[in-house]
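Student: Just so it is clear, I am handing over coords-v3.pdb, which has PDB, C-alpha atoms, pLDDT in the B column.
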ATOM      1  CA  GLU A   1      92.855 103.797  66.001  1.00 83.00           C
ATOM      2  CA  ALA A   2      94.689 107.104  66.369  1.00 83.00           C
ATOM      3  CA  GLN A   3      98.289 106.427  67.179  1.00 93.00           C
ATOM      4  CA  VAL A   4     101.957 107.254  66.863  1.00 96.00           C
ATOM      5  CA  THR A   5     104.016 104.251  65.823  1.00 97.00           C
ATOM      6  CA  GLN A   6     107.741 103.913  66.357  1.00 97.00           C
ATOM      7  CA  ASN A   7     110.096 101.244  65.056  1.00 97.00           C
ATOM      8  CA  PRO A   8     112.112  99.517  66.214  1.00 97.00           C
ATOM      9  CA  ARG A   9     110.958  99.325  69.809  1.00 96.00           C
ATOM     10  CA  TYR A  10     114.274  97.868  70.912  1.00 96.00           C
ATOM     11  CA  LEU A  11     117.651  98.000  69.220  1.00 95.00           C
ATOM     12  CA  ILE A  12     121.197  97.133  70.168  1.00 96.00           C
ATOM     13  CA  THR A  13     123.846  98.430  67.810  1.00 95.00           C
ATOM     14  CA  VAL A  14     127.525  99.258  67.729  1.00 96.00           C
ATOM     15  CA  THR A  15     129.335 102.549  67.586  1.00 96.00           C
ATOM     16  CA  GLY A  16     129.379 104.101  64.137  1.00 95.00           C
ATOM     17  CA  LYS A  17     126.731 101.954  62.500  1.00 96.00           C
ATOM     18  CA  LYS A  18     124.113 104.238  61.000  1.00 96.00           C
ATOM     19  CA  LEU A  19     120.568 103.641  62.090  1.00 97.00           C
ATOM     20  CA  THR A  20     117.129 105.109  61.595  1.00 97.00           C
ATOM     21  CA  VAL A  21     114.224 105.092  64.013  1.00 98.00           C
ATOM     22  CA  THR A  22     110.974 105.533  62.180  1.00 98.00           C
ATOM     23  CA  CYS A  23     107.937 107.424  63.438  1.00 98.00           C
ATOM     24  CA  SER A  24     104.552 107.506  61.805  1.00 98.00           C
ATOM     25  CA  GLN A  25     101.268 109.089  62.876  1.00 97.00           C
ATOM     26  CA  ASN A  26      97.812 108.549  61.419  1.00 95.00           C
ATOM     27  CA  MET A  27      96.103 111.645  62.806  1.00 93.00           C
ATOM     28  CA  ASN A  28      97.048 114.102  60.072  1.00 92.00           C
ATOM     29  CA  HIS A  29      98.986 116.142  62.623  1.00 91.00           C
ATOM     30  CA  GLU A  30     101.092 119.076  61.509  1.00 89.00           C
ATOM     31  CA  TYR A  31     103.570 118.992  64.381  1.00 90.00           C
ATOM     32  CA  MET A  32     105.962 116.153  65.188  1.00 92.00           C
ATOM     33  CA  SER A  33     108.849 115.946  67.598  1.00 93.00           C
ATOM     34  CA  TRP A  34     111.534 113.635  68.927  1.00 96.00           C
ATOM     35  CA  TYR A  35     112.627 113.356  72.570  1.00 95.00           C
ATOM     36  CA  ARG A  36     115.143 111.338  74.445  1.00 96.00           C
ATOM     37  CA  GLN A  37     114.684 110.276  78.032  1.00 94.00           C
ATOM     38  CA  ASP A  38     117.529 109.496  80.374  1.00 92.00           C
ATOM     39  CA  PRO A  39     117.346 108.680  84.097  1.00 86.00           C
ATOM     40  CA  GLY A  40     116.977 111.809  86.197  1.00 80.00           C
ATOM     41  CA  LEU A  41     116.830 114.125  83.189  1.00 82.00           C
ATOM     42  CA  GLY A  42     113.215 113.835  82.104  1.00 83.00           C
ATOM     43  CA  LEU A  43     112.429 114.294  78.433  1.00 88.00           C
ATOM     44  CA  ARG A  44     114.688 116.425  76.304  1.00 91.00           C
ATOM     45  CA  GLN A  45     113.694 117.570  72.862  1.00 91.00           C
ATOM     46  CA  ILE A  46     115.970 116.589  69.978  1.00 96.00           C
ATOM     47  CA  TYR A  47     114.250 117.983  66.891  1.00 95.00           C
ATOM     48  CA  TYR A  48     110.785 119.091  65.965  1.00 92.00           C
ATOM     49  CA  SER A  49     108.862 119.786  62.801  1.00 92.00           C
ATOM     50  CA  MET A  50     106.000 122.204  62.388  1.00 88.00           C
ATOM     51  CA  ASN A  51     105.079 120.922  58.940  1.00 88.00           C
ATOM     52  CA  VAL A  52     106.399 119.118  55.898  1.00 91.00           C
ATOM     53  CA  GLU A  53     109.931 120.246  55.025  1.00 88.00           C
ATOM     54  CA  VAL A  54     110.082 122.443  58.146  1.00 89.00           C
ATOM     55  CA  THR A  55     112.298 121.190  60.951  1.00 94.00           C
ATOM     56  CA  ASP A  56     114.186 122.843  63.776  1.00 92.00           C
ATOM     57  CA  LYS A  57     116.558 121.926  66.558  1.00 93.00           C
ATOM     58  CA  GLY A  58     115.461 121.219  70.076  1.00 90.00           C
ATOM     59  CA  ASP A  59     117.716 121.269  73.101  1.00 89.00           C
ATOM     60  CA  VAL A  60     119.915 118.275  72.275  1.00 95.00           C
ATOM     61  CA  PRO A  61     120.229 117.947  68.466  1.00 97.00           C
ATOM     62  CA  GLU A  62     123.920 116.996  68.298  1.00 97.00           C
ATOM     63  CA  GLY A  63     124.482 113.642  66.622  1.00 97.00           C
ATOM     64  CA  TYR A  64     120.979 113.414  65.171  1.00 98.00           C
ATOM     65  CA  LYS A  65     119.304 114.231  61.899  1.00 98.00           C
ATOM     66  CA  VAL A  66     115.659 114.289  60.912  1.00 97.00           C
ATOM     67  CA  SER A  67     113.610 114.693  57.781  1.00 95.00           C
ATOM     68  CA  ARG A  68     109.967 115.483  57.129  1.00 96.00           C
ATOM     69  CA  LYS A  69     109.225 114.647  53.530  1.00 96.00           C
ATOM     70  CA  GLU A  70     105.611 113.762  54.180  1.00 95.00           C
ATOM     71  CA  LYS A  71     103.218 114.750  56.918  1.00 95.00           C
ATOM     72  CA  ARG A  72     102.789 111.360  58.544  1.00 96.00           C
ATOM     73  CA  ASN A  73     106.469 110.356  58.883  1.00 97.00           C
ATOM     74  CA  PHE A  74     109.310 111.860  60.881  1.00 98.00           C
ATOM     75  CA  PRO A  75     112.332 109.542  61.017  1.00 98.00           C
ATOM     76  CA  LEU A  76     115.217 110.086  63.425  1.00 98.00           C
ATOM     77  CA  ILE A  77     118.610 109.337  61.948  1.00 98.00           C
ATOM     78  CA  LEU A  78     121.778 108.581  63.849  1.00 97.00           C
ATOM     79  CA  GLU A  79     124.540 108.809  61.264  1.00 95.00           C
ATOM     80  CA  SER A  80     127.298 107.562  63.544  1.00 97.00           C
ATOM     81  CA  PRO A  81     125.860 106.428  66.869  1.00 97.00           C
ATOM     82  CA  SER A  82     127.944 106.689  70.005  1.00 97.00           C
ATOM     83  CA  PRO A  83     127.427 105.155  73.453  1.00 97.00           C
ATOM     84  CA  ASN A  84     126.178 108.469  74.861  1.00 96.00           C
ATOM     85  CA  GLN A  85     123.178 108.135  72.558  1.00 98.00           C
ATOM     86  CA  THR A  86     122.039 105.076  74.469  1.00 97.00           C
ATOM     87  CA  SER A  87     118.623 106.193  75.612  1.00 97.00           C
ATOM     88  CA  LEU A  88     114.867 105.797  75.415  1.00 96.00           C
ATOM     89  CA  TYR A  89     113.486 107.739  72.481  1.00 98.00           C
ATOM     90  CA  PHE A  90     109.960 109.030  72.049  1.00 97.00           C
ATOM     91  CA  CYS A  91     108.252 110.471  69.024  1.00 97.00           C
ATOM     92  CA  ALA A  92     105.223 112.690  69.473  1.00 94.00           C
ATOM     93  CA  SER A  93     102.740 114.576  67.343  1.00 92.00           C
ATOM     94  CA  SER A  94     100.072 117.217  67.791  1.00 88.00           C
ATOM     95  CA  LEU A  95      97.617 119.122  65.685  1.00 83.00           C
ATOM     96  CA  GLY A  96     100.076 121.961  65.447  1.00 67.00           C
ATOM     97  CA  VAL A  97      98.826 124.512  67.886  1.00 56.00           C
ATOM     98  CA  LEU A  98     100.875 123.333  70.805  1.00 51.00           C
ATOM     99  CA  GLU A  99      99.719 125.979  73.199  1.00 54.00           C
ATOM    100  CA  THR A 100      96.182 124.735  73.065  1.00 53.00           C
ATOM    101  CA  GLY A 101      96.715 121.154  72.087  1.00 70.00           C
ATOM    102  CA  GLU A 102      98.113 117.935  73.410  1.00 84.00           C
ATOM    103  CA  LEU A 103     101.054 115.851  72.376  1.00 88.00           C
ATOM    104  CA  PHE A 104     100.415 112.235  71.457  1.00 92.00           C
ATOM    105  CA  PHE A 105     103.396 110.022  72.163  1.00 94.00           C
ATOM    106  CA  GLY A 106     104.570 106.769  70.686  1.00 96.00           C
ATOM    107  CA  GLU A 107     105.472 103.810  72.866  1.00 95.00           C
ATOM    108  CA  GLY A 108     109.166 104.536  72.778  1.00 96.00           C
ATOM    109  CA  SER A 109     112.286 103.033  71.227  1.00 97.00           C
ATOM    110  CA  ARG A 110     114.991 101.793  73.536  1.00 97.00           C
ATOM    111  CA  LEU A 111     118.367 102.122  71.889  1.00 97.00           C
ATOM    112  CA  THR A 112     121.634 100.700  73.171  1.00 97.00           C
ATOM    113  CA  VAL A 113     124.894 101.668  71.479  1.00 97.00           C
ATOM    114  CA  LEU A 114     127.861  99.472  72.390  1.00 96.00           C
TER     115      LEU A 114
ATOM    116  CA  LEU B   1     112.236 129.628  77.055  1.00 57.00           C
ATOM    117  CA  ALA B   2     110.538 129.012  80.348  1.00 63.00           C
ATOM    118  CA  LYS B   3     112.232 126.463  82.565  1.00 79.00           C
ATOM    119  CA  THR B   4     110.124 124.479  84.990  1.00 86.00           C
ATOM    120  CA  THR B   5     110.936 123.264  88.480  1.00 91.00           C
ATOM    121  CA  GLN B   6     109.021 120.519  90.250  1.00 93.00           C
ATOM    122  CA  PRO B   7     109.595 118.431  93.372  1.00 95.00           C
ATOM    123  CA  ILE B   8     111.540 115.287  92.558  1.00 93.00           C
ATOM    124  CA  SER B   9     109.179 112.951  94.350  1.00 96.00           C
ATOM    125  CA  MET B  10     106.065 112.780  96.500  1.00 97.00           C
ATOM    126  CA  ASP B  11     104.377 110.060  98.502  1.00 97.00           C
ATOM    127  CA  SER B  12     100.685 109.737  99.197  1.00 97.00           C
ATOM    128  CA  TYR B  13      98.073 107.244 100.332  1.00 97.00           C
ATOM    129  CA  GLU B  14      95.091 105.954  98.467  1.00 97.00           C
ATOM    130  CA  GLY B  15      92.062 108.216  98.710  1.00 97.00           C
ATOM    131  CA  GLN B  16      94.038 111.373  99.460  1.00 97.00           C
ATOM    132  CA  GLU B  17      94.185 114.495  97.341  1.00 97.00           C
ATOM    133  CA  VAL B  18      97.603 115.170  95.862  1.00 98.00           C
ATOM    134  CA  ASN B  19      98.839 118.593  94.814  1.00 98.00           C
ATOM    135  CA  ILE B  20     101.975 118.917  92.693  1.00 97.00           C
ATOM    136  CA  THR B  21     103.330 122.398  92.154  1.00 96.00           C
ATOM    137  CA  CYS B  22     105.453 123.522  89.222  1.00 94.00           C
ATOM    138  CA  SER B  23     107.416 126.775  89.124  1.00 94.00           C
ATOM    139  CA  HIS B  24     107.893 128.577  85.809  1.00 90.00           C
ATOM    140  CA  ASN B  25     109.145 132.047  86.598  1.00 89.00           C
ATOM    141  CA  ASN B  26     109.985 132.953  83.007  1.00 86.00           C
ATOM    142  CA  ILE B  27     106.705 131.949  81.439  1.00 87.00           C
ATOM    143  CA  ALA B  28     105.881 133.963  78.326  1.00 84.00           C
ATOM    144  CA  THR B  29     102.628 135.713  77.632  1.00 86.00           C
ATOM    145  CA  ASN B  30     101.613 133.229  74.959  1.00 81.00           C
ATOM    146  CA  ASP B  31     102.595 130.114  76.880  1.00 84.00           C
ATOM    147  CA  TYR B  32     100.116 127.542  78.095  1.00 86.00           C
ATOM    148  CA  ILE B  33     100.795 125.123  80.921  1.00 89.00           C
ATOM    149  CA  THR B  34     100.274 121.453  80.290  1.00 90.00           C
ATOM    150  CA  TRP B  35     100.650 118.429  82.522  1.00 93.00           C
ATOM    151  CA  TYR B  36     101.485 114.904  81.429  1.00 94.00           C
ATOM    152  CA  GLN B  37     101.517 111.560  83.203  1.00 96.00           C
ATOM    153  CA  GLN B  38     104.029 108.842  82.401  1.00 96.00           C
ATOM    154  CA  PHE B  39     104.080 105.204  83.448  1.00 95.00           C
ATOM    155  CA  PRO B  40     107.280 103.136  83.182  1.00 88.00           C
ATOM    156  CA  SER B  41     108.216 102.194  79.618  1.00 84.00           C
ATOM    157  CA  GLN B  42     105.325 104.191  78.153  1.00 91.00           C
ATOM    158  CA  GLY B  43     105.082 107.536  76.458  1.00 93.00           C
ATOM    159  CA  PRO B  44     103.685 110.471  78.436  1.00 93.00           C
ATOM    160  CA  ARG B  45      99.947 110.983  78.363  1.00 94.00           C
ATOM    161  CA  PHE B  46      98.129 114.316  78.424  1.00 92.00           C
ATOM    162  CA  ILE B  47      96.303 115.156  81.649  1.00 94.00           C
ATOM    163  CA  ILE B  48      95.247 118.787  81.558  1.00 93.00           C
ATOM    164  CA  GLN B  49      96.120 122.161  80.087  1.00 90.00           C
ATOM    165  CA  GLY B  50      95.426 125.728  81.139  1.00 90.00           C
ATOM    166  CA  TYR B  51      96.362 129.362  80.681  1.00 90.00           C
ATOM    167  CA  LYS B  52      95.162 131.044  83.872  1.00 90.00           C
ATOM    168  CA  THR B  53      92.857 130.618  86.874  1.00 89.00           C
ATOM    169  CA  LYS B  54      91.409 127.139  87.204  1.00 95.00           C
ATOM    170  CA  VAL B  55      90.735 124.318  84.801  1.00 94.00           C
ATOM    171  CA  THR B  56      89.032 121.060  85.713  1.00 96.00           C
ATOM    172  CA  ASN B  57      88.422 117.869  83.793  1.00 94.00           C
ATOM    173  CA  GLU B  58      87.366 114.371  84.725  1.00 94.00           C
ATOM    174  CA  VAL B  59      90.755 113.391  86.146  1.00 93.00           C
ATOM    175  CA  ALA B  60      92.388 116.526  87.563  1.00 97.00           C
ATOM    176  CA  SER B  61      92.290 120.221  88.283  1.00 97.00           C
ATOM    177  CA  LEU B  62      94.873 122.813  87.391  1.00 97.00           C
ATOM    178  CA  PHE B  63      95.291 125.971  89.431  1.00 97.00           C
ATOM    179  CA  ILE B  64      97.208 128.906  87.979  1.00 96.00           C
ATOM    180  CA  PRO B  65      97.651 132.121  89.991  1.00 96.00           C
ATOM    181  CA  ALA B  66      97.335 135.534  88.429  1.00 95.00           C
ATOM    182  CA  ASP B  67     101.076 136.000  87.938  1.00 94.00           C
ATOM    183  CA  ARG B  68     101.296 132.582  86.205  1.00 94.00           C
ATOM    184  CA  LYS B  69     104.730 131.943  87.670  1.00 94.00           C
ATOM    185  CA  SER B  70     103.596 128.638  89.065  1.00 95.00           C
ATOM    186  CA  SER B  71     100.838 126.096  88.639  1.00 95.00           C
ATOM    187  CA  THR B  72      99.427 123.292  90.757  1.00 97.00           C
ATOM    188  CA  LEU B  73      98.112 119.999  89.497  1.00 97.00           C
ATOM    189  CA  SER B  74      95.516 118.550  91.842  1.00 98.00           C
ATOM    190  CA  LEU B  75      94.627 114.862  91.724  1.00 97.00           C
ATOM    191  CA  PRO B  76      91.554 114.087  93.815  1.00 94.00           C
ATOM    192  CA  ARG B  77      91.366 110.793  95.708  1.00 93.00           C
ATOM    193  CA  VAL B  78      94.407 109.098  94.210  1.00 97.00           C
ATOM    194  CA  SER B  79      94.598 105.354  93.752  1.00 96.00           C
ATOM    195  CA  LEU B  80      97.512 102.951  93.404  1.00 97.00           C
ATOM    196  CA  SER B  81      97.251 103.275  89.623  1.00 95.00           C
ATOM    197  CA  ASP B  82      98.122 106.965  89.857  1.00 97.00           C
ATOM    198  CA  THR B  83     101.679 106.020  90.774  1.00 97.00           C
ATOM    199  CA  ALA B  84     103.607 107.595  87.904  1.00 97.00           C
ATOM    200  CA  VAL B  85     105.842 110.484  86.921  1.00 96.00           C
ATOM    201  CA  TYR B  86     104.086 113.808  86.338  1.00 97.00           C
ATOM    202  CA  TYR B  87     105.564 116.440  84.056  1.00 94.00           C
ATOM    203  CA  CYS B  88     104.784 120.110  83.885  1.00 91.00           C
ATOM    204  CA  LEU B  89     105.294 121.563  80.429  1.00 87.00           C
ATOM    205  CA  VAL B  90     105.323 125.191  79.400  1.00 84.00           C
ATOM    206  CA  GLY B  91     104.911 125.809  75.701  1.00 77.00           C
ATOM    207  CA  ASP B  92     107.113 128.133  73.737  1.00 60.00           C
ATOM    208  CA  GLY B  93     104.666 130.538  72.212  1.00 49.00           C
ATOM    209  CA  GLY B  94     106.721 131.224  69.121  1.00 51.00           C
ATOM    210  CA  GLY B  95     108.418 128.119  67.930  1.00 54.00           C
ATOM    211  CA  PHE B  96     106.920 124.923  69.267  1.00 70.00           C
ATOM    212  CA  LYS B  97     109.932 124.044  71.322  1.00 73.00           C
ATOM    213  CA  THR B  98     108.808 122.060  74.309  1.00 75.00           C
ATOM    214  CA  ILE B  99     110.622 121.863  77.596  1.00 74.00           C
ATOM    215  CA  PHE B 100     109.832 119.101  80.021  1.00 79.00           C
ATOM    216  CA  GLY B 101     111.306 119.301  83.474  1.00 74.00           C
ATOM    217  CA  ALA B 102     112.646 116.267  85.302  1.00 81.00           C
ATOM    218  CA  GLY B 103     109.149 115.455  86.496  1.00 91.00           C
ATOM    219  CA  THR B 104     107.694 114.507  89.879  1.00 96.00           C
ATOM    220  CA  ARG B 105     107.605 110.860  90.802  1.00 96.00           C
ATOM    221  CA  LEU B 106     104.382 110.216  92.710  1.00 98.00           C
ATOM    222  CA  PHE B 107     104.165 107.034  94.735  1.00 97.00           C
ATOM    223  CA  VAL B 108     100.728 106.108  96.054  1.00 97.00           C
ATOM    224  CA  LYS B 109     100.667 103.644  98.920  1.00 97.00           C
ATOM    225  CA  ALA B 110      97.818 101.456 100.108  1.00 95.00           C
TER     226      ALA B 110
END
Mind turning the file's structure into structure tokens?

Tutor:
Amino acid sequence: EAQVTQNPRYLITVTGKKLTVTCSQNMNHEYMSWYRQDPGLGLRQIYYSMNVEVTDKGDVPEGYKVSRKEKRNFPLILESPSPNQTSLYFCASSLGVLETGELFFGEGSRLTVL
Amino acid sequence: LAKTTQPISMDSYEGQEVNITCSHNNIATNDYITWYQQFPSQGPRFIIQGYKTKVTNEVASLFIPADRKSSTLSLPRVSLSDTAVYYCLVGDGGGFKTIFGAGTRLFVKA
């Protein structure tokens, strides 16, 4: 089954404790992206990657890191989480031609930073 | 990058046609317009995509005027299960940045 898989789905952590949210897709997609969703703000892009070893900042990259060492995986790293990073996070992928393609989203990871 | 503006919410009744309009005044020549549907606690799901004029698939139609500064998603004969948030997305032709607006919350009543 074609899918985007995120882990963990739910996480409660404390300020400053490094964490990684993993994202994996099995569709051989070139493009992957991370979003955060907060009430009233819709989805905001954090980072995206057009291919292996190619990443770029979205609209809200501060406090996050990403890596794309292999095509299927695109982990989101919070080196020192803060309470304002409490949010619902979505990973997505597409073939790579975004203008004529669709984004496939994971089920989301709800993160709470105390 | 083209910013989108949509109504915050809309109400409808089962069986009615619903039209949701999105404004994107700064749309670039290479940009496509894509609509997504999102249910609570789920990731958004692709509905339809278009560049100009009209596009129709099995679930919706998308109307785009000649100037492309707006687009309208049309949902025919909505049902209770169409209650969701609908996002209009305009693609950045050069760099794969994606900008979702705040979305339109559609509530379908019986």

Student: List the residues matched by the PyMOL selection byres ((chain A and resi 27-30) around 8) in the displayed structure as a list in words, ordered by chain and then by residue number.

Tutor: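 Checked against the file, the PyMOL selection byres ((chain A and resi 27-30) around 8) matches Ala2, Gln3, Gln25, Asn26, Tyr31, Met32, Ser49, Met50, Asn51, Val52, Lys71, Arg72, Ser93, Ser94, Leu95 and Gly96 of chain A.
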
Student: Report, in Å with one decimal, the straight-line distance from CA of Ser33 (chain A) to CA of Asp31 (chain B).

Tutor: 18.1 Å

Student: In Å to one decimal, how far is CA of Arg68 (chain B) from CA of Tyr51 (chain B)?

Tutor: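 A separation of 8.1 Å between them.
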
Student: Pull out every residue that the ChimeraX specification (/B :<7) & /A matches in the shown coordinates and put them as a list in words.

Tutor: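 Selected by the ChimeraX specification (/B :<7) & /A here: Gly40, Leu41, Gly42, Leu43, Arg44, Gln45, Gly58, Phe90, Leu98, Glu99, Thr100, Glu102, Leu103, Phe105, Gly106, Glu107 and Gly108 of chain A.
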
Student: Can you pull out every residue within 8 Å of Ile20 (chain B), counting all atoms listed in the file, but drop anything in the same chain fewer than 5 positions away, and send it as number ranges by chain?

Tutor: B: 6-7, 72-74, 104

Student: Can you pull out every residue within 8 Å of Gln16 (chain B), counting all atoms listed in the file, but drop anything in the same chain fewer than 4 positions away, and send it as a PDB file with C-alpha atoms, in the coordinates of the input?

Tutor:
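Output (selection_33.pdb):
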ATOM      1  CA  SER B  12     100.685 109.737  99.197  1.00 97.00           C
ATOM      2  CA  PRO B  76      91.554 114.087  93.815  1.00 94.00           C
ATOM      3  CA  ARG B  77      91.366 110.793  95.708  1.00 93.00           C
ATOM      4  CA  VAL B  78      94.407 109.098  94.210  1.00 97.00           C
TER       5      VAL B  78
END

Student: Decode the PyMOL selection byres ((chain B and resi 4) around 6) for the given file into explicit residues and return them as a compact mmCIF listing (two decimals) with C-alpha atoms, keeping the file's coordinate frame.

Tutor:
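New file result-v9.txt:
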# COMPACT_ATOMS: atom_id res chain seq x y z
CA LYS B 3 112.23 126.46 82.56
CA THR B 5 110.94 123.26 88.48
CA SER B 23 107.42 126.78 89.12
CA HIS B 24 107.89 128.58 85.81
CA GLY B 101 111.31 119.30 83.47

Student: Grab the CA of Trp34 (chain A) to CA of Val60 (chain A) distance for me, in Å with one decimal place.

Tutor: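 Spanning CA of Trp34 (chain A) to CA of Val60 (chain A) is a straight-line distance of 10.1 Å.
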
Student: Can you work out which one of B:Val18, B:Met10, B:Leu75, B:Leu89 has the shortest atom-to-atom distance to Glu58 (chain B), counting only C-alpha atoms?

Tutor: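 With only C-alpha atoms as the atom set, the closest residue is B:Leu75.
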
Student: Find the spatial neighbours of Val113 (chain A), counting only C-alpha atoms, within a cut-off of 8 Å - ignore same-chain residues fewer than 3 positions away - and output them as a list in words.

Tutor: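 Listing them by chain and then by number gives Ile12, Thr13, Val14, Thr15, Pro81, Ser82, Pro83, Asn84, Gln85 and Thr86 of chain A.
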
Student: Quick one: of A:Gln6, A:Thr20, A:Ser67, A:Ser109, who's nearest to Leu88 (chain A), counting all atoms listed in the file?

Tutor: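 Among the listed residues, A:Ser109 lies closest to Leu88 (chain A).
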
Student: Near Asp67 (chain B), within 12 Å and counting all atoms listed in the file, which residues show up once chain neighbours fewer than 4 positions away are dropped, as a list in words?

Tutor: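 Non-adjacent residues within range: Ser23, His24, Asn25, Asn26, Ile27, Ala28, Thr29, Tyr51, Lys52, Thr53, Phe63 and Ser71 of chain B.
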
Student: Return as JSON the centre and edge lengths, in Å with one decimal, of the box along x, y and z that encloses every atom of region 3-18 of chain B in the file, padded by 3 Å per side.

Tutor:
{"center_x": 102.1, "center_y": 116.2, "center_z": 91.4, "size_x": 26.2, "size_y": 26.5, "size_z": 23.8}
